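Single-structure report; data block below.
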Amino acid sequence: MSETKTVRITIDGRSIDAPVGQTVLEAARQHNIDIPSLCYHPGVEAFGACRLCVVEIRKHNWTPDWKQLVTSCLFPVEEGLIVETRSPEVMENRKVVLDLQLARVPNSDVIRQLAAEYGIHDTSYEKREDADDCIMCGLCVRVCDAIGAHAISTLSRGPEKYVDVPNKDACIGCLACALTCPTNAIEYIEEGNMRTIWDKTFEVVLDPVNKKPIATPEQIAHFSKQSGLPEDYFTKSDATRKKETAASFARVMFD
């Protein structure tokens, strides 16, 4: 078995080894170095939409005064790379991004708290009227596409652009979009075995043992088709399946 090739990079004066193919953001987080991001999720391909994860880089063969700002979620590690996550230029860039986001979603607790960490308590731009909490990062669209449902889309253009589900039949009620939204902008309601999201109501299958919500029938059918596994596999929680496997193993061993 071949060893994973690594490169040596420096982040904020700290020398670390990172696997070839990793991004600067991934390498930083693997070593508990904080770089803020709103649109990044490890389950989908990086997109660089929010621009908050910008860092400053220099390369070993550059003259000392050369540097560049890059989005860390898209920039790959390479041997000798020098990264600064909180240089004056980086901090100013993040302040501009957060200032703009405060204008777009002035009521978002997530954005307000993050902006306050950078000393911004009110936007210097005109606030959007009747604003929701969507920052148009596109993460919900990418997650829905990765699942294979393709239910969510961005509609219109420019400042009128928004996210919606144009074909409600395509939504399987899996909550992946809501649970990955960085600002909790996608609302949903769960009451007993019923779930409502995107103005569509679903019945939810409950675990036969603990009676906790598992998935919607539409979600189960979709995942079964995608994976080739029987639908029964998706009607139980992991804990219940493990208990059943353990009980079955015990019967084989001791009966």
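Every chain in the structure tokens has a letter given in the order shown (A, B, ...), and although residue numbers restart at 1 in each chain, ligands are simply numbered from 1 in the order shown.
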
Test item: residues at most 7 Å from segment 195-209 of chain A, only C-alpha atoms, excluding those fewer than 4 positions along its chain, as a CSV table (one decimal) with N, CA and C atoms, in the first residue's frame:
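Produced file part17.csv, reproduced below:
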```
chain,number,residue,atom,x,y,z
A,165,VAL,N,-37.8,26.2,-4.7
A,165,VAL,CA,-38.0,24.9,-5.2
A,165,VAL,C,-39.1,25.0,-6.3
A,173,GLY,N,-38.0,16.0,0.9
A,173,GLY,CA,-38.2,16.3,2.4
A,173,GLY,C,-37.1,15.8,3.2
A,187,GLU,N,-36.6,27.3,6.6
A,187,GLU,CA,-37.4,26.9,7.8
A,187,GLU,C,-38.1,25.5,7.5
A,188,TYR,N,-38.3,24.8,8.5
A,188,TYR,CA,-39.1,23.5,8.4
A,188,TYR,C,-39.8,23.3,9.8
A,189,ILE,N,-40.8,22.5,9.7
A,189,ILE,CA,-41.6,22.2,10.9
A,189,ILE,C,-41.7,20.7,11.0
A,190,GLU,N,-41.5,20.1,12.2
A,190,GLU,CA,-41.8,18.7,12.5
A,190,GLU,C,-42.7,18.6,13.6
A,191,GLU,N,-43.8,17.9,13.4
A,191,GLU,CA,-44.8,17.7,14.4
A,191,GLU,C,-45.2,16.2,14.3
A,213,PRO,N,-38.1,10.1,14.4
A,213,PRO,CA,-38.3,10.3,12.9
A,213,PRO,C,-37.0,9.8,12.2
A,214,ILE,N,-37.3,9.0,11.1
A,214,ILE,CA,-36.2,8.5,10.3
A,214,ILE,C,-36.1,9.2,9.0
A,215,ALA,N,-37.1,9.1,8.2
A,215,ALA,CA,-37.0,9.7,6.8
A,215,ALA,C,-38.4,9.7,6.2
A,216,THR,N,-38.6,10.5,5.2
A,216,THR,CA,-39.9,10.5,4.5
A,216,THR,C,-39.9,9.3,3.5
A,217,PRO,N,-41.1,8.8,3.1
A,217,PRO,CA,-41.2,7.8,2.1
A,217,PRO,C,-40.5,8.1,0.8
A,235,THR,N,-35.5,2.3,6.9
A,235,THR,CA,-36.7,2.5,7.8
A,235,THR,C,-36.3,2.4,9.2
A,236,LYS,N,-35.0,2.2,9.5
A,236,LYS,CA,-34.5,2.0,10.9
A,236,LYS,C,-33.3,2.9,11.1
A,237,SER,N,-33.1,3.3,12.4
A,237,SER,CA,-32.0,4.1,12.7
A,237,SER,C,-30.7,3.2,12.8
A,240,THR,N,-30.8,1.1,16.0
A,240,THR,CA,-31.7,0.0,15.9
A,240,THR,C,-31.1,-1.1,15.1
```

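Inside segment 63-120 of chain A, the residues DSSP reads as strand (DSSP E or B) when given the backbone are A:Gln68, A:Leu69, A:Val70, A:Thr71, A:Pro76, A:Ile82, A:Val83, A:Glu84.
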
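We find atom CA of Gly138 of chain A and atom CA of Val83 of chain A to be spaced 26.8 Å apart.
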
- Query: Any idea what's packed within 8 Å of segment 86-88 of chain A, counting only C-alpha atoms, ignoring anything in its chain fewer than 2 positions away? Could you give it as a ChimeraX atom specification?
  - Reply: /A:12,55-56,84,90-92

Those same residues, written as a PDB file, in the first residue's frame with N, CA and C atoms?
```pdb
ATOM      1  N   ASP A  12       0.309  30.693   9.509  1.00  0.00           N
ATOM      2  CA  ASP A  12       0.469  31.568  10.679  1.00  0.00           C
ATOM      3  C   ASP A  12       1.728  31.224  11.469  1.00  0.00           C
ATOM      4  N   VAL A  55      -7.441  34.052   2.415  1.00  0.00           N
ATOM      5  CA  VAL A  55      -6.193  34.106   3.176  1.00  0.00           C
ATOM      6  C   VAL A  55      -5.117  34.737   2.297  1.00  0.00           C
ATOM      7  N   GLU A  56      -4.018  35.085   2.925  1.00  0.00           N
ATOM      8  CA  GLU A  56      -2.886  35.654   2.189  1.00  0.00           C
ATOM      9  C   GLU A  56      -1.822  34.575   2.000  1.00  0.00           C
ATOM     10  N   GLU A  84      -1.007  33.216   5.625  1.00  0.00           N
ATOM     11  CA  GLU A  84      -1.380  34.060   6.755  1.00  0.00           C
ATOM     12  C   GLU A  84      -2.904  34.161   6.772  1.00  0.00           C
ATOM     13  N   VAL A  90      -6.129  40.524   4.927  1.00  0.00           N
ATOM     14  CA  VAL A  90      -7.153  39.490   5.084  1.00  0.00           C
ATOM     15  C   VAL A  90      -8.283  39.994   5.977  1.00  0.00           C
ATOM     16  N   MET A  91      -7.935  40.597   7.082  1.00  0.00           N
ATOM     17  CA  MET A  91      -8.935  41.083   8.020  1.00  0.00           C
ATOM     18  C   MET A  91      -9.810  42.168   7.387  1.00  0.00           C
ATOM     19  N   GLU A  92      -9.203  43.034   6.597  1.00  0.00           N
ATOM     20  CA  GLU A  92      -9.971  44.085   5.926  1.00  0.00           C
ATOM     21  C   GLU A  92     -10.926  43.485   4.901  1.00  0.00           C
TER      22      GLU A  92
END
```

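When only C-alpha atoms are used to compute distances to Leu114 of chain A, the closest of the residues A:Leu38, A:Glu78, A:Glu129, A:Asn184 turns out to be A:Leu38.
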
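Each of A:His150, A:Lys161, A:Lys168, A:Arg142 was compared to Val44 of chain A using only C-alpha atoms, and A:Arg142 turns out to be the nearest.
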
Any chance you could list, as a short mmCIF file (atom, residue, chain, number, x, y, z; two decimals) with N, CA and C atoms, in the first residue's frame, the residues in segment 195-233 of chain A that come up helix (DSSP H, G or I) when DSSP is run on the backbone?
```cif
data_model
loop_
_atom_site.label_atom_id
_atom_site.label_comp_id
_atom_site.auth_asym_id
_atom_site.auth_seq_id
_atom_site.Cartn_x
_atom_site.Cartn_y
_atom_site.Cartn_z
N PRO A 217 -41.11 8.82 3.14
CA PRO A 217 -41.19 7.75 2.13
C PRO A 217 -40.51 8.14 0.83
N GLU A 218 -40.63 9.41 0.44
CA GLU A 218 -39.98 9.87 -0.79
C GLU A 218 -38.46 9.80 -0.66
N GLN A 219 -37.97 10.15 0.51
CA GLN A 219 -36.53 10.09 0.77
C GLN A 219 -36.04 8.64 0.76
N ILE A 220 -36.80 7.75 1.39
CA ILE A 220 -36.43 6.33 1.43
C ILE A 220 -36.39 5.74 0.03
N ALA A 221 -37.40 6.04 -0.77
CA ALA A 221 -37.45 5.52 -2.14
C ALA A 221 -36.28 6.05 -2.96
N HIS A 222 -35.95 7.33 -2.77
CA HIS A 222 -34.86 7.94 -3.52
C HIS A 222 -33.52 7.32 -3.14
N PHE A 223 -33.25 7.20 -1.85
CA PHE A 223 -31.97 6.64 -1.39
C PHE A 223 -31.85 5.17 -1.76
N SER A 224 -32.97 4.46 -1.76
CA SER A 224 -32.95 3.05 -2.16
C SER A 224 -32.57 2.92 -3.63
N LYS A 225 -33.15 3.77 -4.46
CA LYS A 225 -32.84 3.75 -5.88
C LYS A 225 -31.39 4.16 -6.14
N GLN A 226 -30.90 5.16 -5.40
CA GLN A 226 -29.54 5.65 -5.59
C GLN A 226 -28.50 4.63 -5.15
N SER A 227 -28.80 3.92 -4.07
CA SER A 227 -27.80 3.03 -3.47
C SER A 227 -27.94 1.57 -3.90
N GLU A 231 -35.52 -0.80 0.42
CA GLU A 231 -36.10 0.31 1.16
C GLU A 231 -36.15 0.02 2.66
N ASP A 232 -36.30 -1.26 3.04
CA ASP A 232 -36.34 -1.60 4.46
C ASP A 232 -35.09 -1.14 5.20
N TYR A 233 -33.96 -1.05 4.49
CA TYR A 233 -32.71 -0.65 5.12
C TYR A 233 -32.80 0.76 5.68
#
```

- Task: Give the answer as one residue: which of A:Val143, A:Val24, A:Ala131, A:Leu155 has the shortest atom-to-atom distance to Ala103 of chain A, using only C-alpha atoms?
- Result: A:Ala131

- Item | Selection: 6 Å around Pro19 of chain A, only C-alpha atoms, excl. self and same-chain fewer than 2 positions, as a PyMOL selection string | chain A and resi 5-6+22

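Distance annotation: of A:Gly13, A:Ala49, A:Arg112, A:Glu89, the residue with the minimal separation from Gln68 of chain A is A:Glu89; atom set is only C-alpha atoms.
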
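For Ile33 of chain A, the residues within 10 Å (counting only C-alpha atoms, excluding itself and residues fewer than 4 positions away along the chain) are Ile11, Asp12, Arg14, Leu25, Glu26, Ala27, Ala28, Arg29 and Thr85 of chain A.
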
Now that the selection is made, can you save its residues with N, CA and C atoms as a tab-separated table (two decimals), in the first residue's frame?
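This went into selection.tsv:
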```tsv
chain	number	residue	atom	x	y	z
A	11	ILE	N	1.40	27.81	8.09
A	11	ILE	CA	0.20	28.61	8.31
A	11	ILE	C	0.36	29.38	9.61
A	12	ASP	N	0.31	30.69	9.51
A	12	ASP	CA	0.47	31.57	10.68
A	12	ASP	C	1.73	31.22	11.47
A	14	ARG	N	3.22	28.42	11.67
A	14	ARG	CA	3.23	27.03	12.13
A	14	ARG	C	3.46	26.10	10.96
A	25	LEU	N	-7.84	25.45	3.18
A	25	LEU	CA	-8.87	25.44	4.22
A	25	LEU	C	-8.93	24.08	4.90
A	26	GLU	N	-8.90	23.01	4.12
A	26	GLU	CA	-8.95	21.67	4.69
A	26	GLU	C	-7.74	21.40	5.57
A	27	ALA	N	-6.56	21.81	5.11
A	27	ALA	CA	-5.35	21.60	5.89
A	27	ALA	C	-5.40	22.39	7.20
A	28	ALA	N	-5.88	23.62	7.12
A	28	ALA	CA	-5.97	24.45	8.33
A	28	ALA	C	-6.92	23.84	9.34
A	29	ARG	N	-8.07	23.42	8.89
A	29	ARG	CA	-9.05	22.86	9.82
A	29	ARG	C	-8.59	21.52	10.39
A	85	THR	N	-3.51	33.78	7.89
A	85	THR	CA	-4.97	33.79	7.96
A	85	THR	C	-5.55	35.06	8.58
```

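Take the candidates A:Asp34, A:Glu79, A:Asp169, A:Glu126 and check each one against Thr10 of chain A using only C-alpha atoms; the shortest distance goes to A:Glu79.
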
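Across the structure, atom CA of Leu139 of chain A and atom CA of Phe47 of chain A are spaced 8.5 Å apart.
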
- Message: For Ile111 of chain A, find every residue with an atom within 8 Å (counting only C-alpha atoms), except residues of its own chain fewer than 6 positions away, and show them as a PyMOL selection string.
- Response: chain A and resi 98+101-102+105+183

How would the residues just picked look written out with N, CA and C atoms as an mmCIF file, in the first residue's frame?
```cif
data_model
loop_
_atom_site.group_PDB
_atom_site.id
_atom_site.type_symbol
_atom_site.label_atom_id
_atom_site.label_comp_id
_atom_site.auth_asym_id
_atom_site.auth_seq_id
_atom_site.Cartn_x
_atom_site.Cartn_y
_atom_site.Cartn_z
ATOM 1 N N LEU A 98 -18.381 40.917 5.398
ATOM 2 C CA LEU A 98 -19.381 40.883 6.461
ATOM 3 C C LEU A 98 -20.233 42.143 6.477
ATOM 4 N N GLN A 101 -22.735 41.524 3.841
ATOM 5 C CA GLN A 101 -23.706 40.518 4.269
ATOM 6 C C GLN A 101 -24.693 41.101 5.277
ATOM 7 N N LEU A 102 -24.214 41.998 6.130
ATOM 8 C CA LEU A 102 -25.126 42.644 7.086
ATOM 9 C C LEU A 102 -26.183 43.477 6.377
ATOM 10 N N VAL A 105 -28.593 40.586 4.897
ATOM 11 C CA VAL A 105 -29.377 39.839 5.890
ATOM 12 C C VAL A 105 -29.219 40.496 7.270
ATOM 13 N N THR A 183 -26.934 29.926 7.732
ATOM 14 C CA THR A 183 -27.635 30.973 8.469
ATOM 15 C C THR A 183 -29.027 30.537 8.933
#
```

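Interatomic distance, atom CA of His31 of chain A against atom CA of Arg8 of chain A: 13.0 Å.
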
- Task: Could you check which of A:Ala146, A:Cys181, A:Cys53, A:Asp164 is closest to Val110 of chain A, using only C-alpha atoms?
- Result: A:Cys181
